[in-house]
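Visitor: This is start31.pdb, which holds PDB, C-alpha atoms:
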ATOM      1  CA  MET B   1      54.389 103.986 138.491
ATOM      2  CA  THR B   2      53.168 105.496 135.236
ATOM      3  CA  GLU B   3      52.789 103.047 132.406
ATOM      4  CA  ILE B   4      54.258 103.640 128.950
ATOM      5  CA  PRO B   5      51.898 102.460 126.169
ATOM      6  CA  ALA B   6      53.283  99.225 124.691
ATOM      7  CA  SER B   7      52.997 100.842 121.239
ATOM      8  CA  HIS B   8      55.572 103.477 122.255
ATOM      9  CA  LEU B   9      57.978 101.442 124.380
ATOM     10  CA  PRO B  10      60.301 100.983 121.373
ATOM     11  CA  LEU B  11      60.956 104.748 121.341
ATOM     12  CA  LEU B  12      62.504 104.372 124.796
ATOM     13  CA  GLU B  13      64.216 101.061 124.087
ATOM     14  CA  GLN B  14      65.922 102.214 120.894
ATOM     15  CA  PRO B  15      68.871 104.577 121.247
ATOM     16  CA  ASN B  16      66.948 107.675 120.251
ATOM     17  CA  ILE B  17      68.139 111.095 121.359
ATOM     18  CA  GLY B  18      65.928 112.656 124.016
ATOM     19  CA  HIS B  19      65.027 116.332 124.286
ATOM     20  CA  LEU B  20      65.051 117.255 127.973
ATOM     21  CA  ALA B  21      63.405 120.431 129.223
ATOM     22  CA  THR B  22      64.302 122.062 132.537
ATOM     23  CA  LEU B  23      63.433 125.472 133.890
ATOM     24  CA  ARG B  24      66.005 128.154 134.639
ATOM     25  CA  PRO B  25      65.544 130.476 137.609
ATOM     26  CA  ASP B  26      64.784 133.353 135.192
ATOM     27  CA  GLY B  27      61.801 131.445 133.770
ATOM     28  CA  VAL B  28      63.465 130.544 130.481
ATOM     29  CA  ILE B  29      63.037 126.922 129.431
ATOM     30  CA  GLN B  30      66.305 125.116 128.683
ATOM     31  CA  LEU B  31      66.326 122.216 126.200
ATOM     32  CA  ASN B  32      69.177 119.753 125.908
ATOM     33  CA  ASP B  33      69.762 116.704 123.747
ATOM     34  CA  MET B  34      70.367 113.766 126.038
ATOM     35  CA  TRP B  35      71.249 110.118 126.090
ATOM     36  CA  PHE B  36      68.862 108.276 128.373
ATOM     37  CA  LEU B  37      68.002 104.826 129.697
ATOM     38  CA  TYR B  38      64.509 103.653 130.636
ATOM     39  CA  ASP B  39      64.897 101.187 133.526
ATOM     40  CA  GLY B  40      61.294  99.937 133.355
ATOM     41  CA  GLU B  41      60.087 102.553 135.833
ATOM     42  CA  ASN B  42      62.188 105.731 135.632
ATOM     43  CA  ILE B  43      64.375 107.535 133.121
ATOM     44  CA  ARG B  44      68.095 107.782 133.863
ATOM     45  CA  PHE B  45      70.487 110.372 132.464
ATOM     46  CA  THR B  46      74.211 110.824 132.901
ATOM     47  CA  HIS B  47      75.195 114.314 133.892
ATOM     48  CA  THR B  48      77.727 116.219 135.971
ATOM     49  CA  ASN B  49      77.147 118.228 139.113
ATOM     50  CA  ALA B  50      79.009 121.217 137.639
ATOM     51  CA  ARG B  51      76.587 122.317 134.930
ATOM     52  CA  VAL B  52      73.686 124.740 134.556
ATOM     53  CA  LYS B  53      71.081 122.016 134.123
ATOM     54  CA  PHE B  54      72.122 120.422 137.424
ATOM     55  CA  ARG B  55      71.706 123.756 139.208
ATOM     56  CA  ASN B  56      68.340 124.337 137.503
ATOM     57  CA  LEU B  57      67.107 121.027 138.862
ATOM     58  CA  GLN B  58      68.174 121.783 142.430
ATOM     59  CA  LEU B  59      65.939 124.864 142.311
ATOM     60  CA  ASN B  60      63.064 123.345 140.325
ATOM     61  CA  PRO B  61      62.905 119.564 139.863
ATOM     62  CA  ALA B  62      60.464 119.724 136.906
ATOM     63  CA  MET B  63      61.689 117.673 133.930
ATOM     64  CA  THR B  64      59.908 116.934 130.658
ATOM     65  CA  LEU B  65      61.377 114.586 128.066
ATOM     66  CA  SER B  66      60.320 114.130 124.458
ATOM     67  CA  VAL B  67      61.423 111.506 121.971
ATOM     68  CA  THR B  68      60.744 111.281 118.246
ATOM     69  CA  ASP B  69      61.013 107.939 116.458
ATOM     70  CA  ARG B  70      63.940 108.315 114.076
ATOM     71  CA  ASP B  71      62.150 106.156 111.489
ATOM     72  CA  ASP B  72      58.748 107.808 111.758
ATOM     73  CA  ASP B  73      58.526 111.541 112.421
ATOM     74  CA  TYR B  74      54.929 111.265 113.529
ATOM     75  CA  ARG B  75      55.476 108.835 116.394
ATOM     76  CA  TYR B  76      56.148 110.859 119.493
ATOM     77  CA  LEU B  77      56.363 110.367 123.216
ATOM     78  CA  GLU B  78      56.289 113.059 125.901
ATOM     79  CA  LEU B  79      57.025 112.225 129.536
ATOM     80  CA  ARG B  80      56.401 114.778 132.264
ATOM     81  CA  GLY B  81      57.943 114.258 135.657
ATOM     82  CA  ARG B  82      60.540 115.415 138.090
ATOM     83  CA  LEU B  83      63.959 114.665 139.493
ATOM     84  CA  ILE B  84      63.477 112.053 142.212
ATOM     85  CA  GLU B  85      67.074 111.022 142.908
ATOM     86  CA  THR B  86      70.665 111.935 142.116
ATOM     87  CA  ILE B  87      73.195 109.106 142.350
ATOM     88  CA  ASP B  88      76.952 109.642 142.318
ATOM     89  CA  ASP B  89      78.769 107.881 139.480
ATOM     90  CA  PRO B  90      82.397 108.649 140.384
ATOM     91  CA  THR B  91      83.908 106.050 138.032
ATOM     92  CA  GLY B  92      81.680 107.118 135.118
ATOM     93  CA  ALA B  93      80.374 103.550 134.769
ATOM     94  CA  PHE B  94      76.863 104.687 133.902
ATOM     95  CA  TYR B  95      78.247 107.147 131.374
ATOM     96  CA  GLN B  96      80.030 104.216 129.716
ATOM     97  CA  GLU B  97      76.848 102.119 129.804
ATOM     98  CA  LEU B  98      74.981 104.868 127.947
ATOM     99  CA  ASP B  99      77.855 105.399 125.524
ATOM    100  CA  ARG B 100      77.628 101.686 124.631
ATOM    101  CA  ARG B 101      73.834 101.885 124.336
ATOM    102  CA  TYR B 102      74.319 104.681 121.795
ATOM    103  CA  GLY B 103      76.800 102.730 119.707
ATOM    104  CA  ALA B 104      80.318 102.923 121.159
ATOM    105  CA  GLU B 105      82.074  99.570 121.286
ATOM    106  CA  SER B 106      84.635 100.012 124.069
ATOM    107  CA  PRO B 107      84.091 103.459 125.471
ATOM    108  CA  PRO B 108      86.678 104.797 127.904
ATOM    109  CA  PRO B 109      85.531 106.394 131.153
ATOM    110  CA  PRO B 110      84.706 110.083 130.771
ATOM    111  CA  LYS B 111      87.413 112.578 131.704
ATOM    112  CA  ASP B 112      85.032 114.259 134.139
ATOM    113  CA  ALA B 113      84.168 111.004 135.921
ATOM    114  CA  ALA B 114      84.753 112.549 139.351
ATOM    115  CA  HIS B 115      81.806 114.894 138.744
ATOM    116  CA  ARG B 116      79.507 112.376 137.060
ATOM    117  CA  VAL B 117      76.049 111.773 138.499
ATOM    118  CA  ILE B 118      72.984 109.809 137.435
ATOM    119  CA  LEU B 119      69.817 111.909 137.307
ATOM    120  CA  VAL B 120      66.737 109.781 137.959
ATOM    121  CA  MET B 121      63.499 111.193 136.550
ATOM    122  CA  GLY B 122      60.191 109.895 137.901
ATOM    123  CA  ILE B 123      57.367 109.881 135.364
ATOM    124  CA  ASP B 124      54.117 111.589 136.354
ATOM    125  CA  SER B 125      52.267 111.604 133.035
ATOM    126  CA  VAL B 126      52.649 110.335 129.488
ATOM    127  CA  ASN B 127      51.462 111.658 126.146
ATOM    128  CA  ALA B 128      51.944 109.516 123.060
ATOM    129  CA  HIS B 129      50.861 109.708 119.461
TER     130      HIS B 129
ATOM    131  CA  MET O 130      67.833 139.868 115.266
ATOM    132  CA  THR O 131      69.709 136.863 116.601
ATOM    133  CA  GLU O 132      71.944 135.162 114.077
ATOM    134  CA  ILE O 133      71.887 131.406 113.474
ATOM    135  CA  PRO O 134      75.397 130.000 112.920
ATOM    136  CA  ALA O 135      75.820 129.175 109.221
ATOM    137  CA  SER O 136      76.957 125.692 110.251
ATOM    138  CA  HIS O 137      73.519 125.014 111.748
ATOM    139  CA  LEU O 138      71.233 126.781 109.269
ATOM    140  CA  PRO O 139      70.586 123.477 107.447
ATOM    141  CA  LEU O 140      68.861 122.128 110.561
ATOM    142  CA  LEU O 141      66.253 124.858 110.151
ATOM    143  CA  GLU O 142      66.098 124.671 106.364
ATOM    144  CA  GLN O 143      65.571 120.906 106.197
ATOM    145  CA  PRO O 144      62.131 119.599 107.199
ATOM    146  CA  ASN O 145      63.230 118.384 110.619
ATOM    147  CA  ILE O 146      60.688 117.979 113.397
ATOM    148  CA  GLY O 147      61.034 120.596 116.123
ATOM    149  CA  HIS O 148      60.534 120.036 119.839
ATOM    150  CA  LEU O 149      58.742 123.066 121.237
ATOM    151  CA  ALA O 150      58.649 123.755 124.970
ATOM    152  CA  THR O 151      56.031 125.985 126.603
ATOM    153  CA  LEU O 152      55.165 126.459 130.249
ATOM    154  CA  ARG O 153      51.800 125.543 131.741
ATOM    155  CA  PRO O 154      50.289 127.667 134.494
ATOM    156  CA  ASP O 155      51.011 124.859 137.016
ATOM    157  CA  GLY O 156      54.755 125.090 136.275
ATOM    158  CA  VAL O 157      54.926 121.870 134.259
ATOM    159  CA  ILE O 158      56.844 122.145 130.990
ATOM    160  CA  GLN O 159      54.904 120.976 127.940
ATOM    161  CA  LEU O 160      56.801 119.595 124.932
ATOM    162  CA  ASN O 161      55.239 119.168 121.501
ATOM    163  CA  ASP O 162      56.569 117.955 118.178
ATOM    164  CA  MET O 163      56.051 120.702 115.653
ATOM    165  CA  TRP O 164      56.395 121.554 112.014
ATOM    166  CA  PHE O 165      58.100 124.915 111.664
ATOM    167  CA  LEU O 166      59.392 127.415 109.120
ATOM    168  CA  TYR O 167      62.389 129.703 109.619
ATOM    169  CA  ASP O 168      61.667 132.920 107.691
ATOM    170  CA  GLY O 169      65.208 134.274 108.013
ATOM    171  CA  GLU O 170      64.447 136.102 111.237
ATOM    172  CA  ASN O 171      61.714 134.324 113.223
ATOM    173  CA  ILE O 172      60.281 130.830 113.569
ATOM    174  CA  ARG O 173      56.706 130.258 112.407
ATOM    175  CA  PHE O 174      54.412 127.464 113.560
ATOM    176  CA  THR O 175      50.893 126.555 112.529
ATOM    177  CA  HIS O 176      48.560 126.104 115.437
ATOM    178  CA  THR O 177      44.944 126.601 116.470
ATOM    179  CA  ASN O 178      43.562 129.020 119.002
ATOM    180  CA  ALA O 179      41.611 126.218 120.718
ATOM    181  CA  ARG O 180      44.449 124.198 122.262
ATOM    182  CA  VAL O 181      46.329 124.058 125.551
ATOM    183  CA  LYS O 182      49.604 125.305 124.075
ATOM    184  CA  PHE O 183      47.868 128.411 122.744
ATOM    185  CA  ARG O 184      46.447 129.161 126.196
ATOM    186  CA  ASN O 185      49.851 128.515 127.800
ATOM    187  CA  LEU O 186      51.396 131.124 125.535
ATOM    188  CA  GLN O 187      48.807 133.771 126.350
ATOM    189  CA  LEU O 188      49.807 133.453 130.021
ATOM    190  CA  ASN O 189      53.544 133.012 129.490
ATOM    191  CA  PRO O 190      55.055 133.774 126.064
ATOM    192  CA  ALA O 191      58.301 131.829 126.728
ATOM    193  CA  MET O 192      59.094 129.366 123.925
ATOM    194  CA  THR O 193      62.172 127.208 123.458
ATOM    195  CA  LEU O 194      62.691 125.108 120.333
ATOM    196  CA  SER O 195      65.201 122.327 119.783
ATOM    197  CA  VAL O 196      66.068 120.522 116.577
ATOM    198  CA  THR O 197      68.224 117.448 116.058
ATOM    199  CA  ASP O 198      69.770 116.748 112.666
ATOM    200  CA  ARG O 199      68.088 113.567 111.430
ATOM    201  CA  ASP O 200      71.352 112.447 109.801
ATOM    202  CA  ASP O 201      73.652 113.261 112.705
ATOM    203  CA  ASP O 202      72.400 112.807 116.273
ATOM    204  CA  TYR O 203      75.132 115.024 117.648
ATOM    205  CA  ARG O 204      74.270 118.147 115.683
ATOM    206  CA  TYR O 205      71.819 120.135 117.740
ATOM    207  CA  LEU O 206      70.276 123.555 117.785
ATOM    208  CA  GLU O 207      68.417 125.202 120.670
ATOM    209  CA  LEU O 208      66.578 128.505 120.193
ATOM    210  CA  ARG O 209      65.210 130.392 123.179
ATOM    211  CA  GLY O 210      62.683 133.125 122.628
ATOM    212  CA  ARG O 211      59.090 134.157 123.006
ATOM    213  CA  LEU O 212      55.829 134.580 121.160
ATOM    214  CA  ILE O 213      55.951 137.954 119.440
ATOM    215  CA  GLU O 214      52.915 137.759 117.165
ATOM    216  CA  THR O 215      49.866 135.637 116.417
ATOM    217  CA  ILE O 216      48.475 135.899 112.890
ATOM    218  CA  ASP O 217      45.082 134.533 111.851
ATOM    219  CA  ASP O 218      45.236 131.926 109.087
ATOM    220  CA  PRO O 219      41.501 131.373 108.455
ATOM    221  CA  THR O 220      41.990 129.542 105.158
ATOM    222  CA  GLY O 221      44.739 127.308 106.539
ATOM    223  CA  ALA O 222      47.115 128.474 103.788
ATOM    224  CA  PHE O 223      50.140 128.460 106.095
ATOM    225  CA  TYR O 224      49.201 125.001 107.354
ATOM    226  CA  GLN O 225      49.242 123.831 103.730
ATOM    227  CA  GLU O 226      52.597 125.534 103.129
ATOM    228  CA  LEU O 227      54.095 123.641 106.067
ATOM    229  CA  ASP O 228      52.443 120.388 105.015
ATOM    230  CA  ARG O 229      54.157 120.750 101.613
ATOM    231  CA  ARG O 230      57.464 121.624 103.281
ATOM    232  CA  TYR O 231      57.210 118.354 105.193
ATOM    233  CA  GLY O 232      56.542 116.263 102.119
ATOM    234  CA  ALA O 233      52.873 116.417 101.094
ATOM    235  CA  GLU O 234      52.347 116.982  97.370
ATOM    236  CA  SER O 235      48.884 118.547  97.163
ATOM    237  CA  PRO O 236      47.706 118.941 100.737
ATOM    238  CA  PRO O 237      44.079 119.941 101.279
ATOM    239  CA  PRO O 238      43.249 122.751 103.702
ATOM    240  CA  PRO O 239      42.975 121.564 107.300
ATOM    241  CA  LYS O 240      39.475 120.789 108.608
ATOM    242  CA  ASP O 241      40.017 123.232 111.472
ATOM    243  CA  ALA O 242      41.055 126.084 109.153
ATOM    244  CA  ALA O 243      38.681 128.528 110.856
ATOM    245  CA  HIS O 244      40.731 128.206 114.062
ATOM    246  CA  ARG O 245      44.183 128.176 112.453
ATOM    247  CA  VAL O 246      46.761 130.740 113.540
ATOM    248  CA  ILE O 247      50.434 131.329 112.835
ATOM    249  CA  LEU O 248      52.548 131.579 115.984
ATOM    250  CA  VAL O 249      55.611 133.760 115.405
ATOM    251  CA  MET O 250      58.503 133.084 117.759
ATOM    252  CA  GLY O 251      61.198 135.744 118.152
ATOM    253  CA  ILE O 252      64.663 134.341 118.866
ATOM    254  CA  ASP O 253      66.538 135.750 121.868
ATOM    255  CA  SER O 254      69.445 133.325 122.113
ATOM    256  CA  VAL O 255      70.948 130.398 120.253
ATOM    257  CA  ASN O 256      72.901 127.359 121.388
ATOM    258  CA  ALA O 257      74.410 125.077 118.777
ATOM    259  CA  HIS O 258      76.728 122.103 118.824
TER     260      HIS O 258
END
Translate the structure described by the file into structure tokens.
Guide:
Amino acid sequence: MTEIPASHLPLLEQPNIGHLATLRPDGVIQLNDMWFLYDGENIRFTHTNARVKFRNLQLNPAMTLSVTDRDDDYRYLELRGRLIETIDDPTGAFYQELDRRYGAESPPPPKDAAHRVILVMGIDSVNAH
Amino acid sequence: MTEIPASHLPLLEQPNIGHLATLRPDGVIQLNDMWFLYDGENIRFTHTNARVKFRNLQLNPAMTLSVTDRDDDYRYLELRGRLIETIDDPTGAFYQELDRRYGAESPPPPKDAAHRVILVMGIDSVNAH
């Protein structure tokens, strides 16, 4: 388990938008803005199994996430790791949990719930400043 | 020349922090928070020729940049491209220009001016939402 510096834990605890990098088969790096949850050990994302990023990760599990503090541009956290688990979320419950974390009061389940999955990213290294 | 949608030009014009992805030789994606300038055609970064990211780009010129609107989390721009030119900046003048763009009033030259370069990223494709 890779430790997050206590100074930078708030960046993961606050509902900041994450920038998630994955690698396409053609070698182009894909970046997406993502909701995320830090569970104390890993990073969890809601996703579907019908999108490009999901296919990228089946071929190459490398994931790197960066987060900027919305109140201080110069506080930054970079987590490098890889996909360690994919968990089905067929009711979209985890999607709703993230939607609430990012400010929705009573979010409905997503329309694509049947395809929803939780991507679990293990953290191999941390850079913070 | 790849056009930026007019709706998303403000994300490049405002002094938002960019998230720049490059690829290390070991296949791990590196993300860095970066000042940038959009010159109407390419993206320009200040950098030094003595850092890991510079070496990454000599081996693999792939660069992907993402920008989130600081006032609206759900406005997002992703630019995929590659390093097309490296320009020496031995007085650090471009560093100072970016420092002013990001809020400094009378920035001094950087201490590492002798190693400063301008990385010019050509844009191959754009995703915006």
Visitor: Can you work out which residues from chain O touch chain B at a cut-off of 12 Å (counting only C-alpha atoms) and hand them back as a PyMOL selection string?
Guide: chain O and resi 144-153+155-164+189-211+231-232+253-258
Visitor: In Å, rounded to a single decimal, give me how far CA of Pro25 in chain B is from CA of Phe54 in chain B.
Guide: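 Interatomic distance, CA of Phe54 in chain B to CA of Pro25 in chain B: 12.0 Å.
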Visitor: All in-order C-alpha pairs, least squares, chain B moved onto chain O. Output the fitted coordinates as a JSON list (two decimals) with C-alpha atoms, keeping the file's coordinate frame, please.
Guide:
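Saved the output as part-v7.json:
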[["chain", "number", "residue", "atom", "x", "y", "z"],
["B", 1, "MET", "CA", 67.82, 139.86, 115.24],
["B", 2, "THR", "CA", 69.71, 136.86, 116.58],
["B", 3, "GLU", "CA", 71.94, 135.16, 114.08],
["B", 4, "ILE", "CA", 71.89, 131.41, 113.48],
["B", 5, "PRO", "CA", 75.41, 130.00, 112.92],
["B", 6, "ALA", "CA", 75.83, 129.20, 109.22],
["B", 7, "SER", "CA", 76.96, 125.69, 110.24],
["B", 8, "HIS", "CA", 73.51, 125.01, 111.74],
["B", 9, "LEU", "CA", 71.22, 126.78, 109.27],
["B", 10, "PRO", "CA", 70.58, 123.47, 107.45],
["B", 11, "LEU", "CA", 68.85, 122.12, 110.57],
["B", 12, "LEU", "CA", 66.25, 124.86, 110.16],
["B", 13, "GLU", "CA", 66.10, 124.67, 106.37],
["B", 14, "GLN", "CA", 65.56, 120.91, 106.22],
["B", 15, "PRO", "CA", 62.14, 119.60, 107.21],
["B", 16, "ASN", "CA", 63.23, 118.38, 110.62],
["B", 17, "ILE", "CA", 60.68, 117.98, 113.40],
["B", 18, "GLY", "CA", 61.02, 120.60, 116.12],
["B", 19, "HIS", "CA", 60.53, 120.03, 119.84],
["B", 20, "LEU", "CA", 58.74, 123.07, 121.24],
["B", 21, "ALA", "CA", 58.65, 123.77, 124.97],
["B", 22, "THR", "CA", 56.03, 125.99, 126.60],
["B", 23, "LEU", "CA", 55.16, 126.46, 130.24],
["B", 24, "ARG", "CA", 51.81, 125.53, 131.74],
["B", 25, "PRO", "CA", 50.28, 127.65, 134.49],
["B", 26, "ASP", "CA", 51.00, 124.86, 137.00],
["B", 27, "GLY", "CA", 54.74, 125.08, 136.26],
["B", 28, "VAL", "CA", 54.92, 121.86, 134.26],
["B", 29, "ILE", "CA", 56.85, 122.13, 131.00],
["B", 30, "GLN", "CA", 54.91, 120.97, 127.94],
["B", 31, "LEU", "CA", 56.80, 119.59, 124.92],
["B", 32, "ASN", "CA", 55.24, 119.17, 121.51],
["B", 33, "ASP", "CA", 56.57, 117.95, 118.18],
["B", 34, "MET", "CA", 56.04, 120.70, 115.65],
["B", 35, "TRP", "CA", 56.41, 121.56, 112.02],
["B", 36, "PHE", "CA", 58.11, 124.92, 111.68],
["B", 37, "LEU", "CA", 59.40, 127.41, 109.12],
["B", 38, "TYR", "CA", 62.39, 129.70, 109.62],
["B", 39, "ASP", "CA", 61.67, 132.92, 107.70],
["B", 40, "GLY", "CA", 65.22, 134.27, 108.00],
["B", 41, "GLU", "CA", 64.44, 136.10, 111.24],
["B", 42, "ASN", "CA", 61.72, 134.31, 113.22],
["B", 43, "ILE", "CA", 60.29, 130.83, 113.57],
["B", 44, "ARG", "CA", 56.71, 130.25, 112.41],
["B", 45, "PHE", "CA", 54.41, 127.47, 113.56],
["B", 46, "THR", "CA", 50.89, 126.55, 112.53],
["B", 47, "HIS", "CA", 48.55, 126.10, 115.44],
["B", 48, "THR", "CA", 44.94, 126.61, 116.47],
["B", 49, "ASN", "CA", 43.54, 129.02, 119.01],
["B", 50, "ALA", "CA", 41.60, 126.21, 120.72],
["B", 51, "ARG", "CA", 44.43, 124.20, 122.26],
["B", 52, "VAL", "CA", 46.31, 124.06, 125.55],
["B", 53, "LYS", "CA", 49.58, 125.30, 124.08],
["B", 54, "PHE", "CA", 47.85, 128.42, 122.74],
["B", 55, "ARG", "CA", 46.44, 129.16, 126.20],
["B", 56, "ASN", "CA", 49.84, 128.51, 127.81],
["B", 57, "LEU", "CA", 51.39, 131.11, 125.54],
["B", 58, "GLN", "CA", 48.80, 133.77, 126.35],
["B", 59, "LEU", "CA", 49.80, 133.44, 130.01],
["B", 60, "ASN", "CA", 53.55, 133.01, 129.49],
["B", 61, "PRO", "CA", 55.06, 133.77, 126.07],
["B", 62, "ALA", "CA", 58.30, 131.83, 126.73],
["B", 63, "MET", "CA", 59.09, 129.37, 123.92],
["B", 64, "THR", "CA", 62.17, 127.20, 123.45],
["B", 65, "LEU", "CA", 62.69, 125.11, 120.33],
["B", 66, "SER", "CA", 65.20, 122.32, 119.78],
["B", 67, "VAL", "CA", 66.08, 120.52, 116.58],
["B", 68, "THR", "CA", 68.24, 117.44, 116.06],
["B", 69, "ASP", "CA", 69.78, 116.75, 112.65],
["B", 70, "ARG", "CA", 68.10, 113.57, 111.44],
["B", 71, "ASP", "CA", 71.36, 112.44, 109.80],
["B", 72, "ASP", "CA", 73.66, 113.26, 112.71],
["B", 73, "ASP", "CA", 72.41, 112.81, 116.27],
["B", 74, "TYR", "CA", 75.14, 115.02, 117.64],
["B", 75, "ARG", "CA", 74.28, 118.16, 115.68],
["B", 76, "TYR", "CA", 71.82, 120.14, 117.73],
["B", 77, "LEU", "CA", 70.28, 123.57, 117.79],
["B", 78, "GLU", "CA", 68.42, 125.21, 120.67],
["B", 79, "LEU", "CA", 66.58, 128.50, 120.19],
["B", 80, "ARG", "CA", 65.22, 130.40, 123.18],
["B", 81, "GLY", "CA", 62.68, 133.13, 122.62],
["B", 82, "ARG", "CA", 59.11, 134.16, 123.00],
["B", 83, "LEU", "CA", 55.84, 134.57, 121.17],
["B", 84, "ILE", "CA", 55.97, 137.95, 119.44],
["B", 85, "GLU", "CA", 52.92, 137.76, 117.17],
["B", 86, "THR", "CA", 49.87, 135.64, 116.42],
["B", 87, "ILE", "CA", 48.49, 135.90, 112.89],
["B", 88, "ASP", "CA", 45.10, 134.53, 111.85],
["B", 89, "ASP", "CA", 45.24, 131.93, 109.08],
["B", 90, "PRO", "CA", 41.52, 131.37, 108.46],
["B", 91, "THR", "CA", 41.98, 129.56, 105.13],
["B", 92, "GLY", "CA", 44.74, 127.31, 106.53],
["B", 93, "ALA", "CA", 47.12, 128.47, 103.79],
["B", 94, "PHE", "CA", 50.13, 128.46, 106.09],
["B", 95, "TYR", "CA", 49.19, 125.01, 107.35],
["B", 96, "GLN", "CA", 49.25, 123.83, 103.73],
["B", 97, "GLU", "CA", 52.60, 125.53, 103.14],
["B", 98, "LEU", "CA", 54.10, 123.63, 106.07],
["B", 99, "ASP", "CA", 52.44, 120.38, 105.01],
["B", 100, "ARG", "CA", 54.16, 120.76, 101.61],
["B", 101, "ARG", "CA", 57.47, 121.62, 103.28],
["B", 102, "TYR", "CA", 57.21, 118.35, 105.20],
["B", 103, "GLY", "CA", 56.53, 116.27, 102.11],
["B", 104, "ALA", "CA", 52.86, 116.41, 101.10],
["B", 105, "GLU", "CA", 52.35, 116.98, 97.39],
["B", 106, "SER", "CA", 48.89, 118.55, 97.19],
["B", 107, "PRO", "CA", 47.71, 118.95, 100.74],
["B", 108, "PRO", "CA", 44.08, 119.93, 101.29],
["B", 109, "PRO", "CA", 43.25, 122.74, 103.70],
["B", 110, "PRO", "CA", 42.96, 121.56, 107.30],
["B", 111, "LYS", "CA", 39.48, 120.80, 108.61],
["B", 112, "ASP", "CA", 40.01, 123.24, 111.47],
["B", 113, "ALA", "CA", 41.06, 126.09, 109.16],
["B", 114, "ALA", "CA", 38.68, 128.54, 110.86],
["B", 115, "HIS", "CA", 40.73, 128.22, 114.07],
["B", 116, "ARG", "CA", 44.17, 128.17, 112.46],
["B", 117, "VAL", "CA", 46.75, 130.74, 113.53],
["B", 118, "ILE", "CA", 50.43, 131.33, 112.83],
["B", 119, "LEU", "CA", 52.55, 131.58, 115.98],
["B", 120, "VAL", "CA", 55.60, 133.77, 115.41],
["B", 121, "MET", "CA", 58.51, 133.10, 117.76],
["B", 122, "GLY", "CA", 61.21, 135.74, 118.14],
["B", 123, "ILE", "CA", 64.67, 134.35, 118.86],
["B", 124, "ASP", "CA", 66.53, 135.75, 121.87],
["B", 125, "SER", "CA", 69.45, 133.34, 122.10],
["B", 126, "VAL", "CA", 70.95, 130.40, 120.25],
["B", 127, "ASN", "CA", 72.91, 127.37, 121.39],
["B", 128, "ALA", "CA", 74.41, 125.07, 118.78],
["B", 129, "HIS", "CA", 76.73, 122.11, 118.82]]
Visitor: With all atoms of range 108-119 of chain B from the file as input, state the centre and edge lengths in Å to one decimal of the axis-aligned box that has 4 Å extra on each side, as lines of an AutoDock Vina configuration file.
Guide:
center_x = 78.6
center_y = 109.8
center_z = 133.6
size_x = 25.6
size_y = 18.1
size_z = 19.4
Visitor: What is the CA of Thr177 in chain O to CA of Arg229 in chain O distance in Å?
Guide: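 One can read the CA of Thr177 in chain O to CA of Arg229 in chain O distance as 18.4 Å.
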Visitor: Separation of CA of Pro90 in chain B and CA of His115 in chain B, in Å?
Guide: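 About the pair CA of Pro90 in chain B and CA of His115 in chain B: they are 6.5 Å apart.
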Visitor: Can you tell me which residues surround Ala93 in chain B at a distance of at most 9 Å, considering only C-alpha atoms, apart from same-chain residues fewer than 5 positions away, and format the answer as a list in words?
Guide: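 Once the adjacent positions are removed, what remains is Leu98, Pro109, Pro110 and Ala113 of chain B.
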